[in-house]
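Content type mmCIF, C-alpha atoms, from the file coords05.cif:
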```cif
data_upload
#
loop_
_atom_site.group_PDB
_atom_site.id
_atom_site.type_symbol
_atom_site.label_atom_id
_atom_site.label_comp_id
_atom_site.auth_asym_id
_atom_site.auth_seq_id
_atom_site.Cartn_x
_atom_site.Cartn_y
_atom_site.Cartn_z
ATOM 1 C CA MET D 1 93.617 -59.435 88.693
ATOM 2 C CA SER D 2 92.035 -61.638 86.078
ATOM 3 C CA THR D 3 90.298 -60.289 83.019
ATOM 4 C CA ILE D 4 86.806 -61.391 82.078
ATOM 5 C CA GLN D 5 86.519 -62.502 78.518
ATOM 6 C CA ASN D 6 83.236 -62.991 76.675
ATOM 7 C CA LEU D 7 84.030 -65.771 74.228
ATOM 8 C CA HIS D 8 80.593 -66.108 72.646
ATOM 9 C CA CYS D 9 79.113 -62.667 72.072
ATOM 10 C CA PHE D 10 75.425 -62.610 71.056
ATOM 11 C CA ASP D 11 73.535 -59.499 70.007
ATOM 12 C CA PRO D 12 69.757 -60.154 69.971
ATOM 13 C CA PHE D 13 69.173 -56.925 68.043
ATOM 14 C CA ALA D 14 71.670 -57.709 65.292
ATOM 15 C CA ASP D 15 70.599 -57.531 61.674
ATOM 16 C CA THR D 16 69.165 -60.950 60.772
ATOM 17 C CA SER D 17 70.043 -60.606 57.102
ATOM 18 C CA LYS D 18 73.735 -61.044 57.903
ATOM 19 C CA GLY D 19 73.158 -64.733 58.554
ATOM 20 C CA GLY D 20 75.327 -66.612 60.983
ATOM 21 C CA ASP D 21 74.522 -69.715 62.936
ATOM 22 C CA LEU D 22 72.877 -67.960 65.881
ATOM 23 C CA LEU D 23 69.947 -66.237 64.190
ATOM 24 C CA PRO D 24 67.616 -67.451 61.451
ATOM 25 C CA THR D 25 68.164 -65.622 58.177
ATOM 26 C CA SER D 26 64.480 -65.397 57.237
ATOM 27 C CA THR D 27 61.028 -66.264 58.476
ATOM 28 C CA GLU D 28 59.481 -66.892 55.064
ATOM 29 C CA ASP D 29 58.947 -70.600 55.741
ATOM 30 C CA TYR D 30 56.888 -70.039 58.887
ATOM 31 C CA ILE D 31 53.108 -69.937 59.145
ATOM 32 C CA HIS D 32 52.041 -67.330 61.696
ATOM 33 C CA VAL D 33 48.846 -67.917 63.679
ATOM 34 C CA ARG D 34 47.780 -64.860 65.648
ATOM 35 C CA ILE D 35 44.901 -64.215 68.028
ATOM 36 C CA GLN D 36 43.488 -60.675 68.078
ATOM 37 C CA GLN D 37 41.185 -59.462 70.842
ATOM 38 C CA ARG D 38 38.063 -57.639 69.684
ATOM 39 C CA ASN D 39 35.224 -56.595 71.997
ATOM 40 C CA GLY D 40 34.989 -58.297 75.371
ATOM 41 C CA ARG D 41 35.341 -62.034 74.795
ATOM 42 C CA LYS D 42 35.271 -61.824 70.987
ATOM 43 C CA THR D 43 38.474 -62.791 69.180
ATOM 44 C CA LEU D 44 39.805 -63.203 65.650
ATOM 45 C CA THR D 45 42.369 -65.748 64.506
ATOM 46 C CA THR D 46 44.589 -64.776 61.578
ATOM 47 C CA VAL D 47 46.753 -67.222 59.642
ATOM 48 C CA GLN D 48 49.558 -65.702 57.588
ATOM 49 C CA GLY D 49 52.457 -67.119 55.592
ATOM 50 C CA ILE D 50 50.727 -69.821 53.571
ATOM 51 C CA ALA D 51 52.418 -70.396 50.224
ATOM 52 C CA ASP D 52 51.056 -68.518 47.214
ATOM 53 C CA ASP D 53 50.575 -71.699 45.191
ATOM 54 C CA GLN D 54 47.871 -72.970 47.582
ATOM 55 C CA ASP D 55 44.258 -71.875 47.179
ATOM 56 C CA LYS D 56 43.435 -69.968 50.346
ATOM 57 C CA LYS D 57 39.683 -69.953 49.706
ATOM 58 C CA LYS D 58 39.661 -73.761 49.719
ATOM 59 C CA LEU D 59 41.692 -73.743 52.930
ATOM 60 C CA VAL D 60 39.151 -71.396 54.541
ATOM 61 C CA LYS D 61 36.361 -73.709 53.450
ATOM 62 C CA ALA D 62 38.147 -76.686 55.027
ATOM 63 C CA PHE D 63 38.868 -74.770 58.251
ATOM 64 C CA LYS D 64 35.245 -73.665 58.471
ATOM 65 C CA LYS D 65 34.091 -77.275 58.237
ATOM 66 C CA LYS D 66 36.719 -78.598 60.628
ATOM 67 C CA VAL D 67 36.395 -76.076 63.462
ATOM 68 C CA ALA D 68 32.763 -74.923 62.887
ATOM 69 C CA CYS D 69 33.392 -71.203 62.578
ATOM 70 C CA ASN D 70 33.103 -68.482 59.968
ATOM 71 C CA GLY D 71 36.136 -67.275 58.035
ATOM 72 C CA THR D 72 37.348 -65.285 55.078
ATOM 73 C CA VAL D 73 40.449 -64.358 53.095
ATOM 74 C CA ILE D 74 41.425 -60.698 53.430
ATOM 75 C CA GLU D 75 44.025 -58.691 51.536
ATOM 76 C CA HIS D 76 46.433 -57.025 53.965
ATOM 77 C CA PRO D 77 48.564 -54.186 52.558
ATOM 78 C CA GLU D 78 51.736 -55.394 54.288
ATOM 79 C CA TYR D 79 51.268 -59.170 54.653
ATOM 80 C CA GLY D 80 49.350 -60.032 51.473
ATOM 81 C CA GLU D 81 46.507 -62.545 51.653
ATOM 82 C CA VAL D 82 45.654 -63.499 55.241
ATOM 83 C CA ILE D 83 43.084 -66.059 56.426
ATOM 84 C CA GLN D 84 40.810 -64.657 59.123
ATOM 85 C CA LEU D 85 38.669 -66.950 61.311
ATOM 86 C CA GLN D 86 36.154 -66.083 64.008
ATOM 87 C CA GLY D 87 36.982 -67.080 67.555
ATOM 88 C CA ASP D 88 40.113 -68.420 69.187
ATOM 89 C CA GLN D 89 40.990 -71.179 66.707
ATOM 90 C CA GLY D 90 44.765 -71.141 67.271
ATOM 91 C CA LYS D 91 44.858 -74.432 69.170
ATOM 92 C CA ASN D 92 42.676 -76.133 66.559
ATOM 93 C CA ILE D 93 44.879 -74.981 63.686
ATOM 94 C CA TYR D 94 48.033 -75.928 65.563
ATOM 95 C CA ALA D 95 46.612 -79.354 66.466
ATOM 96 C CA SER D 96 45.605 -80.101 62.886
ATOM 97 C CA SER D 97 49.064 -79.214 61.586
ATOM 98 C CA TYR D 98 50.856 -80.914 64.506
ATOM 99 C CA GLN D 99 49.002 -84.207 63.996
ATOM 100 C CA GLY D 100 50.470 -84.450 60.524
ATOM 101 C CA LEU D 101 47.444 -83.289 58.575
ATOM 102 C CA ASP D 102 48.811 -81.873 55.382
ATOM 103 C CA TRP D 103 47.395 -78.537 54.197
ATOM 104 C CA LEU D 104 46.731 -80.075 50.788
ATOM 105 C CA ARG D 105 44.772 -82.996 52.260
ATOM 106 C CA MET D 106 42.491 -80.511 54.022
ATOM 107 C CA ILE D 107 41.562 -78.983 50.682
ATOM 108 C CA SER D 108 40.533 -82.212 48.968
#
```

Written as structure tokens, that's how I'd like the structure from this file.
Amino acid sequence: MSTIQNLHCFDPFADTSKGGDLLPTSTEDYIHVRIQQRNGRKTLTTVQGIADDQDKKKLVKAFKKKVACNGTVIEHPEYGEVIQLQGDQGKNIYASSYQGLDWLRMIS
């Protein structure tokens, strides 16, 4: 009878701080865009993970002009400063960053 041998063991619930080449060690470099459902068809878009050296109020101003919606910067107890926009603006934010528009060029 042959024995089955698992040569490449992967634990998806392993501690990510241990490193290794299978799992990312941190998610600090990512910008998270989330869509939150409110009442009925109303939604909120939150953008988290923007570097502290960038002025988030200027970014909100640029987003408001670009996607024609209202927005604000809120202080979240766990995540820090988070940009909050009205409506489902995830595709617009993704498209502007995917097309190579730099966050700093949006401010100026």

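Residues lying within 9 Å of D:Val67, counting all atoms listed in the file and ignoring same-chain neighbours fewer than 4 positions away, are Ala62, Phe63, Gln89, Asn92 and Ile93 of chain D.
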
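Nearest-residue note for D:Asp29: choosing from D:Asn70, D:Gln84, D:Thr43, D:Gln48, the minimum distance belongs to D:Gln48, counting all atoms listed in the file.
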
Rank D:Thr45, D:Asn39, D:Val33, D:Val82 by their smallest atom-to-atom distance to D:Lys57, using only C-alpha atoms, and report the top residue only.
D:Val82

Interatomic distance between atom CA of D:Ile83 and atom CA of D:Ala95?
17.0 Å

Just so the selection is clear, what residues does the PyMOL selection byres ((chain D and resi 72-80) around 12) cover here, as a PyMOL selection string?
chain D and resi 28+31-32+44-52+55-64+69-71+81-86

Please report the interatomic distance between atom CA of D:Lys65 and atom CA of D:Asp88 in Å with one decimal.
15.3 Å
